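To start, the structure under review is shown below, and the notes come after it.
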Amino acid sequence: MSRKLQDSAFRLLKKAAYDIDHDRYKKAFENLDKVEKIEKEVNNPEISYHLLFFKGFAKYRIDELEESLALFGKALEISWDLFSKEPEKEDYRSFMRDTIGSIGDILLKLEDPVKAREYISPMKGIFEKTVLGFEKLLESDPENPAYLEDFLKTIEHIGLCFEAGELIEDAVPLFDKKFDLIEKLLKSETEMSEHLSSLDDSLMNFGRMCEGEEYLEEEYIEEAKRVYDRAIEIYGKVLDKDPENSETKVYLSYIYRYMAGMYSDQENLVKAEECYKEALGLLESEIENEPENIPVSENIEVSENISVPKNILFSMAIADMYKDSGLIFSDTEDTTKARDYYTKARETFRGLINKYPDLLEADKNLASSLDELAELFSEIGDFESAEMCYKDELNIYENLLQKEPENPENPEYSLKLSDIYRELGDLFAEEEEIEKARAYYDKEIEIYENLHPAEADKLMLEANIADTWNQIGRLYAEEEPETAVQYHERALPIFLEAFESDPTNEFFHEELLETLTVLGTLFKENREFEKAIRMYERVLEVQKQLLEIMPPASCHDHDHDHNLNHSHNLNHSHNLNHTHDLNHDHDLNHDLDHDHEMDHDHALEHCHDLDIETTYFELGVLHSEIGDEEKASAYHRQALERFEQIIAEQSGNPEILILTSGKAFFSGMSLLEKLESETKDSSIARKYYELALRTIEKLYEAYPMNLKLQEMLASFAEQIGDIYRDADKLEETIQEYEYAYRSLKILYENDPENPKHLHHMLGALNNIGIGYSVTDQQEKGKECFEKAFALNESLAKSNPEDLDLLKSNFVLLSNYANLLEEMGDSKTAKEYLKKAEEIDAKLAEEDCEWDSSLEEL
């Protein structure tokens, strides 16, 4: 009876496995439930293991990852029990190997190293015992290929788990065991291709683990270098046996790329470049004058069942490596070297196209590589080379369009062409070549106008055309604002209709808000204030409507869905991730580390509900322009209430508090500057500034070690002080600069080697000194100038030839001489004035742009 039940259980397990493979999970779980009932009767550990394994696998397939891990954890315990008693049994070795491998796959899919470490912790003991069990097994038969291979695969899977948890200290010792096993297998006639590929995957993941800042310490670098050196040695031994083994040369080139990445992270560019050259040399050695044809790679999207020269694959990899080489110099702003490497990549691609036009003039992956290269050229300001890359990419999709007529409902190639024209338009818009940019945008629109989407997608198509009209409008915003207005007004009704049709579509509501805001800004700059008010009132209506229909959390979801169908986007996204066969993809204080010189555009990058305060502010300013101060005050009160509401709601989110206070400060500063220049009451502007100041002060109290906050406070006070100084409000000027000076002093005490703080302290003391001098507090002014001289002297010791310091000294001496003259000490005043004149003469000699009448601290 027991035997029949066991046979029945195994039949049901086989059916469950088939059902899982065919996505029939309900049926699979029904069969597994039946197995579970049998398992309780027969108490067979192998059935128990398979039951847990298949349940875990089914849960994995339906993305119930944590339940899956719990089941595989239990399966691991059973498999260890079986393996520990009979390690020579092949099934039990496979139980261990497959279970650990499945656990590693799930942990990687979690994409959460912290959670992965929590799961790994109770399993570590079994991992360690498994390694010891295999080592003991090999003592009985050291050359047994099956034992060696199973041990190697099991170690690879354990390594996978450690990689998921980013446990570099645990992963490194496994490499030594892996290398030892591979060396033993090399002595046999074992096929090594799979093992070398797996080793490369492990080394690539190891390289990614080593990318974190915590692993840049010398001990980790040395350990990583030792692992890479041992891998080079292994691949070298494979090549000793088979010098023509191209696959091994490729893997060896990858090792050098990983090392280059490591050295690049260390900013050791000399070593990084050496490694890239080694890698390039290996691949270039495989380029042949008359290469053999090999079966086409699945990545080269040409007709099936043909062969291609292997030179294509190696050349693609070489070009990609040139790009990588250029990146390490681009990141350090050595644009000359970056351009040299990018140019070699482009020349390699161009050479391939010329040599193999029938194959490569219709290769999507080559198009993707050219697109990436164009972006890299653009980043370093080489727009001419970027344009050439984009034009080659255009040629590929035009050829594909000719060879493969498109389905009107699935216009893949036309949409790619429109994307490229958009990139070209953006490229020359950035270069401010208006007519050239306009020509490319017109090409993009022309493609859209020739598309014939399904009825449901027509509005999306029109919205994309309207988006391009907005792009053209931006081109003319400064030189021809009337033309800009015409294009934005042309786009507006389309976005209004689109928004009314689907207000939750982020593309629609963001483009509508942007179009209204741009028009509002253009009307404001043209002093058409009534029109500007109408635009901003509509902005406010849309924002309020969005807050009613969308919860605040949802507005942070930036997954746009504006497409003709579910397969091909009509939006302008160019993040293509195709790879060639030989190409590898290669604390609170930190959150607060933002540049306090944030601007309005940065602020607007956040969710729409954080922009209502900006709209209230703009409406306040505009109503003031038409003389309606009552409405202006009402809108400013609403803006301030909104700022205060955000600050209260986000009290536990430092990043949002910094952003919000920055917006409030710059709103207040711009308003203060305007009102003071017009000699109007500026008290409302002061409220914005004071709110920002209070917010950062409280944040600094909570995080006193974060000096960026103190920098923000100093910067706020300095900029407001500048406005009051220019408005001749001396008491307010003194107050702000004294606040700035206190903040700067704290910064200097915490970082005395940083000259930036001393420079700013000099400026603050100079302005305070002038303020006291003019307000009949000459002794206080004198004290300030004397402190400034002491600071200037300490700065001069470290860099006596610094012209900026000479300029500072000139200003201090001149102002101090004026003060002494006012105090009746003409003799000493003349002495200081003479020193100022000597510096003035020296500066005039060394700096052709020096003008002592304009220079300020």
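Convention: chains lettered A, B, ... in structure tokens order; per-chain residue numbering from 1; ligands numbered from 1 as shown.
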Near A:Asn750, counting only C-alpha atoms, which residues have an atom at most 12 Å away, once you skip same-chain residues fewer than 3 positions from it, shown as an mmCIF file with N, CA and C atoms, in the first residue's frame?
data_model
loop_
_atom_site.group_PDB
_atom_site.id
_atom_site.type_symbol
_atom_site.label_atom_id
_atom_site.label_comp_id
_atom_site.auth_asym_id
_atom_site.auth_seq_id
_atom_site.Cartn_x
_atom_site.Cartn_y
_atom_site.Cartn_z
ATOM 1 N N PRO A 704 22.401 68.868 13.792
ATOM 2 C CA PRO A 704 23.456 69.882 13.922
ATOM 3 C C PRO A 704 24.763 69.505 13.227
ATOM 4 N N MET A 705 24.938 68.235 12.861
ATOM 5 C CA MET A 705 26.172 67.843 12.186
ATOM 6 C C MET A 705 26.124 68.120 10.684
ATOM 7 N N ASN A 706 24.942 68.467 10.194
ATOM 8 C CA ASN A 706 24.831 68.714 8.765
ATOM 9 C C ASN A 706 25.107 70.179 8.460
ATOM 10 N N LEU A 707 26.312 70.463 8.028
ATOM 11 C CA LEU A 707 26.732 71.852 7.822
ATOM 12 C C LEU A 707 26.124 72.474 6.571
ATOM 13 N N LYS A 708 25.558 71.648 5.682
ATOM 14 C CA LYS A 708 24.889 72.206 4.511
ATOM 15 C C LYS A 708 23.719 73.092 4.933
ATOM 16 N N GLN A 710 23.604 74.884 7.689
ATOM 17 C CA GLN A 710 24.180 76.157 8.137
ATOM 18 C C GLN A 710 24.596 77.006 6.937
ATOM 19 N N GLU A 711 25.068 76.349 5.883
ATOM 20 C CA GLU A 711 25.409 77.077 4.653
ATOM 21 C C GLU A 711 24.168 77.741 4.064
ATOM 22 N N SER A 743 26.599 82.472 11.195
ATOM 23 C CA SER A 743 26.510 81.159 10.537
ATOM 24 C C SER A 743 27.835 80.760 9.909
ATOM 25 N N LEU A 744 28.471 81.711 9.262
ATOM 26 C CA LEU A 744 29.756 81.439 8.609
ATOM 27 C C LEU A 744 30.835 81.101 9.628
ATOM 28 N N LYS A 745 30.751 81.735 10.793
ATOM 29 C CA LYS A 745 31.728 81.456 11.845
ATOM 30 C C LYS A 745 31.597 80.011 12.318
ATOM 31 N N ILE A 746 30.360 79.539 12.445
ATOM 32 C CA ILE A 746 30.130 78.134 12.823
ATOM 33 C C ILE A 746 30.726 77.202 11.763
ATOM 34 N N LEU A 747 30.514 77.549 10.512
ATOM 35 C CA LEU A 747 31.065 76.730 9.423
ATOM 36 C C LEU A 747 32.584 76.718 9.471
ATOM 37 N N GLU A 753 39.875 74.584 7.356
ATOM 38 C CA GLU A 753 40.738 74.533 6.176
ATOM 39 C C GLU A 753 40.025 74.980 4.904
ATOM 40 N N ASN A 754 38.728 75.254 5.020
ATOM 41 C CA ASN A 754 37.954 75.606 3.831
ATOM 42 C C ASN A 754 37.995 77.117 3.614
ATOM 43 N N HIS A 757 34.620 79.650 3.362
ATOM 44 C CA HIS A 757 33.942 80.278 4.496
ATOM 45 C C HIS A 757 34.626 81.598 4.881
#
Could you find all residues in stretch 278-488 of chain A that DSSP calls strand (DSSP E or B) from the backbone, and write them as an mmCIF file with N, CA and C atoms, in the first residue's frame?
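Just written: result35.cif:
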data_model
loop_
_atom_site.group_PDB
_atom_site.id
_atom_site.type_symbol
_atom_site.label_atom_id
_atom_site.label_comp_id
_atom_site.auth_asym_id
_atom_site.auth_seq_id
_atom_site.Cartn_x
_atom_site.Cartn_y
_atom_site.Cartn_z
ATOM 1 N N ASN A 293 32.166 32.984 -41.308
ATOM 2 C CA ASN A 293 30.808 33.342 -40.940
ATOM 3 C C ASN A 293 30.342 32.435 -39.810
ATOM 4 N N ILE A 294 29.603 33.009 -38.856
ATOM 5 C CA ILE A 294 29.061 32.231 -37.750
ATOM 6 C C ILE A 294 27.557 32.470 -37.711
ATOM 7 N N PRO A 295 26.788 31.554 -37.094
ATOM 8 C CA PRO A 295 25.338 31.758 -37.035
ATOM 9 C C PRO A 295 25.010 33.125 -36.447
ATOM 10 N N SER A 307 24.163 33.526 -41.839
ATOM 11 C CA SER A 307 25.376 33.629 -41.037
ATOM 12 C C SER A 307 25.969 35.018 -41.230
ATOM 13 N N VAL A 308 26.709 35.471 -40.204
ATOM 14 C CA VAL A 308 27.348 36.783 -40.307
ATOM 15 C C VAL A 308 28.811 36.642 -39.938
ATOM 16 N N PRO A 309 29.644 37.548 -40.430
ATOM 17 C CA PRO A 309 31.051 37.524 -40.030
ATOM 18 C C PRO A 309 31.193 37.781 -38.532
ATOM 19 N N ASN A 407 2.743 47.864 -39.832
ATOM 20 C CA ASN A 407 1.330 47.789 -39.495
ATOM 21 C C ASN A 407 0.899 49.182 -39.046
ATOM 22 N N ASN A 410 0.751 49.696 -35.499
ATOM 23 C CA ASN A 410 1.956 49.381 -34.727
ATOM 24 C C ASN A 410 3.166 49.973 -35.446
#
Identify which of the residues A:Val542, A:Ala484, A:Ile533, A:Ile658 lies closest to A:Glu500, counting only C-alpha atoms when measuring atom-to-atom distances.
A:Val542
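Every protein or nucleic acid residue with an atom no more than 6 Å from stretch 52-61 of chain A, counting only C-alpha atoms and leaving out same-chain residues fewer than 3 positions away, appears here: Tyr49, Glu64, Leu65, Ser68, Leu71, Phe72 and Ala75 of chain A.
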I need the residues from that last selection saved to file as a compact mmCIF listing (two decimals), in the first residue's frame (with N, CA and C atoms), if you can.
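Resulting contents of again-v1.txt:
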# COMPACT_ATOMS: atom_id res chain seq x y z
N TYR A 49 10.49 16.68 0.15
CA TYR A 49 11.37 17.65 -0.51
C TYR A 49 10.72 18.17 -1.80
N GLU A 64 4.78 35.43 -5.47
CA GLU A 64 4.62 35.42 -4.01
C GLU A 64 5.98 35.01 -3.43
N LEU A 65 6.89 35.96 -3.46
CA LEU A 65 8.31 35.64 -3.24
C LEU A 65 8.60 35.23 -1.79
N SER A 68 7.40 31.84 -1.14
CA SER A 68 8.29 30.92 -1.86
C SER A 68 9.57 30.67 -1.09
N LEU A 71 9.11 28.28 1.81
CA LEU A 71 9.01 26.87 1.37
C LEU A 71 10.37 26.33 0.97
N PHE A 72 11.15 27.14 0.24
CA PHE A 72 12.48 26.67 -0.16
C PHE A 72 13.40 26.53 1.05
N ALA A 75 12.66 23.20 2.31
CA ALA A 75 13.21 22.21 1.37
C ALA A 75 14.72 22.09 1.55
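With atom CA of A:Leu699 on one side and atom CA of A:Ser682 on the other, the separation reads 26.5 Å.
When the distance limit is 8 Å and only C-alpha atoms are what count, the residues near A:Ile120, minus those fewer than 3 positions from it on the same chain, are A:Ala116, A:Arg117, A:Met123, A:Lys124, A:Cys161, A:Phe162, A:Gly165.
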Output N, CA and C atoms for every residue in the selection just made, as a PDB file, in the first residue's frame.
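Contents of selection.pdb, as written:
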ATOM      1  N   ALA A 116      17.265  40.435   1.932  1.00  0.00           N
ATOM      2  CA  ALA A 116      17.991  39.230   1.520  1.00  0.00           C
ATOM      3  C   ALA A 116      18.893  38.746   2.650  1.00  0.00           C
ATOM      4  N   ARG A 117      19.560  39.671   3.308  1.00  0.00           N
ATOM      5  CA  ARG A 117      20.448  39.279   4.419  1.00  0.00           C
ATOM      6  C   ARG A 117      19.663  38.646   5.565  1.00  0.00           C
ATOM      7  N   MET A 123      20.177  30.526   7.027  1.00  0.00           N
ATOM      8  CA  MET A 123      20.602  29.500   6.070  1.00  0.00           C
ATOM      9  C   MET A 123      22.119  29.352   6.016  1.00  0.00           C
ATOM     10  N   LYS A 124      22.837  30.327   6.557  1.00  0.00           N
ATOM     11  CA  LYS A 124      24.303  30.331   6.426  1.00  0.00           C
ATOM     12  C   LYS A 124      24.919  29.046   6.959  1.00  0.00           C
ATOM     13  N   CYS A 161      23.407  33.884  -3.655  1.00  0.00           N
ATOM     14  CA  CYS A 161      22.703  34.342  -2.450  1.00  0.00           C
ATOM     15  C   CYS A 161      23.468  35.485  -1.787  1.00  0.00           C
ATOM     16  N   PHE A 162      24.786  35.333  -1.676  1.00  0.00           N
ATOM     17  CA  PHE A 162      25.592  36.379  -1.042  1.00  0.00           C
ATOM     18  C   PHE A 162      25.584  37.663  -1.869  1.00  0.00           C
ATOM     19  N   GLY A 165      22.483  39.607  -1.184  1.00  0.00           N
ATOM     20  CA  GLY A 165      22.567  40.310   0.091  1.00  0.00           C
ATOM     21  C   GLY A 165      23.732  41.265   0.187  1.00  0.00           C
TER      22      GLY A 165
END
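Proximity ranking of A:Leu519, A:Ala164, A:Met321, A:Ile656 relative to A:Glu284 places A:Met321 first, based on only C-alpha atoms.
The shell of residues at most 8 Å from A:Leu370, with only C-alpha atoms counted and near chain neighbours (fewer than 4 positions) removed, consists of Arg346, Phe349, Leu366, Ala374, Cys389, Tyr390, Asp392 and Glu393 of chain A.
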Looking only at the backbone, which of the residues in stretch 454-564 of chain A does DSSP tag as helix (DSSP H, G or I), as a CSV table (one decimal) with N, CA and C atoms, in the first residue's frame?
chain,number,residue,atom,x,y,z
A,455,GLU,N,-8.8,55.1,-33.8
A,455,GLU,CA,-9.6,56.3,-33.4
A,455,GLU,C,-9.3,56.7,-31.9
A,456,ALA,N,-9.1,55.7,-31.1
A,456,ALA,CA,-8.9,55.9,-29.6
A,456,ALA,C,-7.6,56.6,-29.4
A,457,ASP,N,-6.6,56.5,-30.3
A,457,ASP,CA,-5.3,57.0,-30.1
A,457,ASP,C,-5.0,58.3,-30.8
A,458,LYS,N,-6.0,58.9,-31.5
A,458,LYS,CA,-5.8,60.1,-32.2
A,458,LYS,C,-5.5,61.3,-31.3
A,459,LEU,N,-6.2,61.3,-30.1
A,459,LEU,CA,-5.9,62.4,-29.2
A,459,LEU,C,-4.5,62.4,-28.7
A,460,MET,N,-4.0,61.1,-28.4
A,460,MET,CA,-2.6,61.0,-28.0
A,460,MET,C,-1.6,61.5,-29.0
A,461,LEU,N,-1.9,61.2,-30.3
A,461,LEU,CA,-1.1,61.6,-31.4
A,461,LEU,C,-1.1,63.2,-31.4
A,462,GLU,N,-2.3,63.7,-31.3
A,462,GLU,CA,-2.4,65.2,-31.4
A,462,GLU,C,-1.6,65.8,-30.2
A,463,ALA,N,-1.7,65.2,-29.0
A,463,ALA,CA,-1.0,65.7,-27.9
A,463,ALA,C,0.5,65.7,-28.1
A,464,ASN,N,1.0,64.7,-28.7
A,464,ASN,CA,2.5,64.6,-29.0
A,464,ASN,C,2.9,65.7,-30.0
A,465,ILE,N,2.0,66.0,-31.0
A,465,ILE,CA,2.3,67.1,-31.9
A,465,ILE,C,2.3,68.4,-31.1
A,466,ALA,N,1.3,68.6,-30.2
A,466,ALA,CA,1.2,69.8,-29.4
A,466,ALA,C,2.4,69.9,-28.6
A,467,ASP,N,2.9,68.8,-28.0
A,467,ASP,CA,4.2,68.9,-27.2
A,467,ASP,C,5.3,69.4,-28.1
A,468,THR,N,5.4,69.0,-29.3
A,468,THR,CA,6.5,69.5,-30.2
A,468,THR,C,6.3,71.0,-30.5
A,469,TRP,N,5.0,71.4,-30.7
A,469,TRP,CA,4.8,72.8,-30.9
A,469,TRP,C,5.3,73.6,-29.7
A,470,ASN,N,5.1,73.1,-28.5
A,470,ASN,CA,5.6,73.7,-27.3
A,470,ASN,C,7.1,73.8,-27.4
A,471,GLN,N,7.8,72.8,-27.9
A,471,GLN,CA,9.2,72.8,-28.0
A,471,GLN,C,9.7,73.9,-28.9
A,472,ILE,N,9.0,74.0,-30.0
A,472,ILE,CA,9.3,75.1,-31.0
A,472,ILE,C,9.1,76.5,-30.4
A,473,GLY,N,8.0,76.6,-29.6
A,473,GLY,CA,7.7,77.8,-28.9
A,473,GLY,C,8.8,78.3,-28.0
A,474,ARG,N,9.4,77.3,-27.3
A,474,ARG,CA,10.5,77.6,-26.4
A,474,ARG,C,11.7,78.2,-27.2
A,475,LEU,N,11.9,77.7,-28.4
A,475,LEU,CA,13.0,78.2,-29.2
A,475,LEU,C,12.9,79.7,-29.4
A,481,PRO,N,9.1,86.5,-28.9
A,481,PRO,CA,8.1,86.1,-27.9
A,481,PRO,C,6.7,86.0,-28.6
A,482,GLU,N,6.4,86.8,-29.6
A,482,GLU,CA,5.1,86.8,-30.2
A,482,GLU,C,5.0,85.4,-31.0
A,483,THR,N,6.0,85.0,-31.6
A,483,THR,CA,6.0,83.7,-32.3
A,483,THR,C,5.9,82.6,-31.3
A,484,ALA,N,6.6,82.7,-30.2
A,484,ALA,CA,6.5,81.7,-29.1
A,484,ALA,C,5.1,81.5,-28.7
A,485,VAL,N,4.4,82.7,-28.4
A,485,VAL,CA,3.0,82.7,-27.9
A,485,VAL,C,2.1,81.9,-28.9
A,486,GLN,N,2.3,82.2,-30.2
A,486,GLN,CA,1.5,81.6,-31.3
A,486,GLN,C,1.6,80.0,-31.2
A,487,TYR,N,2.8,79.5,-31.0
A,487,TYR,CA,2.9,78.0,-30.9
A,487,TYR,C,2.3,77.5,-29.6
A,488,HIS,N,2.5,78.2,-28.5
A,488,HIS,CA,1.9,77.7,-27.3
A,488,HIS,C,0.4,77.8,-27.3
A,489,GLU,N,-0.1,78.8,-27.9
A,489,GLU,CA,-1.6,78.9,-28.0
A,489,GLU,C,-2.1,77.9,-28.9
A,490,ARG,N,-1.4,77.5,-29.9
A,490,ARG,CA,-1.8,76.4,-30.8
A,490,ARG,C,-1.9,75.1,-30.1
A,491,ALA,N,-1.0,74.9,-29.1
A,491,ALA,CA,-0.9,73.6,-28.3
A,491,ALA,C,-2.0,73.6,-27.3
A,492,LEU,N,-2.4,74.8,-26.7
A,492,LEU,CA,-3.2,74.8,-25.6
A,492,LEU,C,-4.6,74.1,-25.7
A,493,PRO,N,-5.4,74.3,-26.8
A,493,PRO,CA,-6.7,73.7,-26.9
A,493,PRO,C,-6.6,72.2,-27.0
A,494,ILE,N,-5.5,71.7,-27.5
A,494,ILE,CA,-5.3,70.2,-27.6
A,494,ILE,C,-5.1,69.6,-26.2
A,495,PHE,N,-4.3,70.3,-25.4
A,495,PHE,CA,-4.0,69.8,-24.0
A,495,PHE,C,-5.3,70.0,-23.1
A,496,LEU,N,-6.0,71.0,-23.4
A,496,LEU,CA,-7.3,71.2,-22.7
A,496,LEU,C,-8.2,70.1,-22.9
A,497,GLU,N,-8.4,69.7,-24.2
A,497,GLU,CA,-9.2,68.6,-24.6
A,497,GLU,C,-8.7,67.3,-24.1
A,498,ALA,N,-7.4,67.1,-24.1
A,498,ALA,CA,-6.8,65.8,-23.6
A,498,ALA,C,-7.0,65.7,-22.1
A,499,PHE,N,-6.8,66.8,-21.4
A,499,PHE,CA,-7.0,66.8,-20.0
A,499,PHE,C,-8.5,66.5,-19.6
A,500,GLU,N,-9.4,67.1,-20.3
A,500,GLU,CA,-10.8,66.9,-20.0
A,500,GLU,C,-11.2,65.4,-20.3
A,501,SER,N,-10.5,64.9,-21.3
A,501,SER,CA,-10.8,63.5,-21.7
A,501,SER,C,-10.2,62.5,-20.6
A,506,GLU,N,-0.9,61.6,-16.7
A,506,GLU,CA,0.2,62.5,-16.2
A,506,GLU,C,0.7,63.3,-17.4
A,507,PHE,N,0.9,62.7,-18.5
A,507,PHE,CA,1.4,63.5,-19.7
A,507,PHE,C,0.4,64.6,-20.0
A,508,PHE,N,-0.9,64.3,-20.0
A,508,PHE,CA,-1.8,65.4,-20.4
A,508,PHE,C,-1.8,66.5,-19.4
A,509,HIS,N,-1.9,66.2,-18.0
A,509,HIS,CA,-2.0,67.3,-17.1
A,509,HIS,C,-0.7,68.0,-16.9
A,510,GLU,N,0.4,67.3,-17.0
A,510,GLU,CA,1.7,68.1,-16.9
A,510,GLU,C,1.9,69.0,-18.1
A,511,GLU,N,1.6,68.5,-19.3
A,511,GLU,CA,1.8,69.4,-20.5
A,511,GLU,C,0.8,70.6,-20.4
A,512,LEU,N,-0.4,70.3,-20.0
A,512,LEU,CA,-1.4,71.4,-19.9
A,512,LEU,C,-0.9,72.5,-18.9
A,513,LEU,N,-0.5,72.0,-17.7
A,513,LEU,CA,0.1,73.0,-16.7
A,513,LEU,C,1.3,73.8,-17.3
A,514,GLU,N,2.2,73.0,-17.9
A,514,GLU,CA,3.4,73.7,-18.5
A,514,GLU,C,3.0,74.7,-19.5
A,515,THR,N,2.1,74.3,-20.4
A,515,THR,CA,1.7,75.3,-21.5
A,515,THR,C,1.0,76.5,-20.9
A,516,LEU,N,0.1,76.4,-20.0
A,516,LEU,CA,-0.5,77.5,-19.3
A,516,LEU,C,0.6,78.4,-18.6
A,517,THR,N,1.5,77.7,-17.9
A,517,THR,CA,2.5,78.5,-17.2
A,517,THR,C,3.4,79.3,-18.1
A,518,VAL,N,3.8,78.6,-19.2
A,518,VAL,CA,4.7,79.3,-20.2
A,518,VAL,C,4.0,80.5,-20.8
A,519,LEU,N,2.8,80.3,-21.1
A,519,LEU,CA,2.0,81.5,-21.7
A,519,LEU,C,1.9,82.6,-20.6
A,520,GLY,N,1.6,82.2,-19.4
A,520,GLY,CA,1.5,83.2,-18.3
A,520,GLY,C,2.8,84.0,-18.2
A,521,THR,N,3.9,83.3,-18.3
A,521,THR,CA,5.2,83.9,-18.1
A,521,THR,C,5.5,84.9,-19.3
A,522,LEU,N,5.2,84.4,-20.5
A,522,LEU,CA,5.4,85.2,-21.7
A,522,LEU,C,4.5,86.5,-21.7
A,523,PHE,N,3.3,86.4,-21.2
A,523,PHE,CA,2.4,87.5,-21.1
A,523,PHE,C,2.9,88.5,-20.0
A,524,LYS,N,3.4,87.9,-18.9
A,524,LYS,CA,3.9,88.7,-17.9
A,524,LYS,C,5.1,89.5,-18.3
A,525,GLU,N,6.0,88.9,-19.0
A,525,GLU,CA,7.2,89.5,-19.5
A,525,GLU,C,6.9,90.6,-20.5
A,529,PHE,N,-0.6,91.9,-18.3
A,529,PHE,CA,-0.9,91.3,-17.0
A,529,PHE,C,-2.2,90.7,-16.9
A,530,GLU,N,-3.2,91.2,-17.6
A,530,GLU,CA,-4.6,90.6,-17.5
A,530,GLU,C,-4.6,89.2,-18.2
A,531,LYS,N,-3.9,89.1,-19.3
A,531,LYS,CA,-3.8,87.8,-20.0
A,531,LYS,C,-3.0,86.8,-19.1
A,532,ALA,N,-1.9,87.3,-18.5
A,532,ALA,CA,-1.1,86.5,-17.6
A,532,ALA,C,-1.9,86.0,-16.4
A,533,ILE,N,-2.8,86.8,-15.9
A,533,ILE,CA,-3.6,86.4,-14.7
A,533,ILE,C,-4.6,85.3,-15.2
A,534,ARG,N,-5.2,85.5,-16.4
A,534,ARG,CA,-6.1,84.4,-16.8
A,534,ARG,C,-5.4,83.1,-17.0
A,535,MET,N,-4.2,83.1,-17.4
A,535,MET,CA,-3.4,81.8,-17.6
A,535,MET,C,-3.2,81.2,-16.2
A,536,TYR,N,-2.7,82.0,-15.3
A,536,TYR,CA,-2.4,81.5,-13.9
A,536,TYR,C,-3.7,81.0,-13.2
A,537,GLU,N,-4.8,81.7,-13.4
A,537,GLU,CA,-6.0,81.3,-12.8
A,537,GLU,C,-6.4,79.9,-13.3
A,538,ARG,N,-6.2,79.7,-14.6
A,538,ARG,CA,-6.5,78.4,-15.2
A,538,ARG,C,-5.5,77.3,-14.6
A,539,VAL,N,-4.3,77.7,-14.4
A,539,VAL,CA,-3.3,76.8,-13.8
A,539,VAL,C,-3.9,76.4,-12.4
A,540,LEU,N,-4.3,77.3,-11.7
A,540,LEU,CA,-4.8,77.1,-10.3
A,540,LEU,C,-6.1,76.2,-10.4
A,541,GLU,N,-6.9,76.4,-11.3
A,541,GLU,CA,-8.1,75.5,-11.5
A,541,GLU,C,-7.7,74.1,-11.7
A,542,VAL,N,-6.7,73.9,-12.6
A,542,VAL,CA,-6.3,72.5,-13.0
A,542,VAL,C,-5.6,71.9,-11.7
A,543,GLN,N,-4.8,72.6,-11.0
A,543,GLN,CA,-4.1,72.0,-9.9
A,543,GLN,C,-5.1,71.6,-8.8
A,544,LYS,N,-6.1,72.5,-8.6
A,544,LYS,CA,-7.1,72.1,-7.6
A,544,LYS,C,-7.9,70.9,-8.0
A,545,GLN,N,-8.2,70.8,-9.3
A,545,GLN,CA,-9.0,69.7,-9.8
A,545,GLN,C,-8.2,68.4,-9.6
A,546,LEU,N,-6.9,68.5,-9.9
A,546,LEU,CA,-6.0,67.3,-9.7
A,546,LEU,C,-6.0,66.9,-8.3
A,547,LEU,N,-5.9,67.8,-7.3
A,547,LEU,CA,-5.9,67.4,-5.9
A,547,LEU,C,-7.2,66.7,-5.5
A,548,GLU,N,-8.3,67.1,-6.1
A,548,GLU,CA,-9.5,66.5,-5.8
A,548,GLU,C,-9.6,65.0,-6.3
A,549,ILE,N,-9.1,64.8,-7.5
A,549,ILE,CA,-9.3,63.5,-8.2
A,549,ILE,C,-8.1,62.5,-7.9
A,552,PRO,N,-2.4,62.7,-3.0
A,552,PRO,CA,-1.1,63.3,-3.1
A,552,PRO,C,0.0,62.3,-3.5
A,553,ALA,N,-0.1,61.0,-2.9
A,553,ALA,CA,1.0,60.1,-3.2
A,553,ALA,C,1.0,59.7,-4.6
A,554,SER,N,-0.1,59.7,-5.3
A,554,SER,CA,-0.1,59.2,-6.7
A,554,SER,C,0.5,60.2,-7.7
A,555,CYS,N,0.7,61.5,-7.3
A,555,CYS,CA,1.3,62.4,-8.2
A,555,CYS,C,2.8,62.3,-8.3
A,556,HIS,N,3.3,61.3,-7.5
A,556,HIS,CA,4.8,61.1,-7.6
A,556,HIS,C,5.1,60.0,-8.6
Could I get the residues of stretch 676-785 of chain A with an atom no further than 8 Å from an atom of stretch 809-817 of chain A, each paired with its nearest atom pair and that distance in Å to one decimal, using only C-alpha atoms, sorted by chain and residue number, as JSON lines?
{"residue": "A:Asn766", "atom": "CA", "partner": "A:Leu812", "partner_atom": "CA", "distance": 6.6}
{"residue": "A:Ile770", "atom": "CA", "partner": "A:Asn815", "partner_atom": "CA", "distance": 7.2}
{"residue": "A:Lys782", "atom": "CA", "partner": "A:Tyr816", "partner_atom": "CA", "distance": 7.2}
{"residue": "A:Phe785", "atom": "CA", "partner": "A:Tyr816", "partner_atom": "CA", "distance": 6.5}
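Atom CA of A:Asp847 to atom CA of A:Glu793 spans 21.3 Å [interatomic distance, one decimal].
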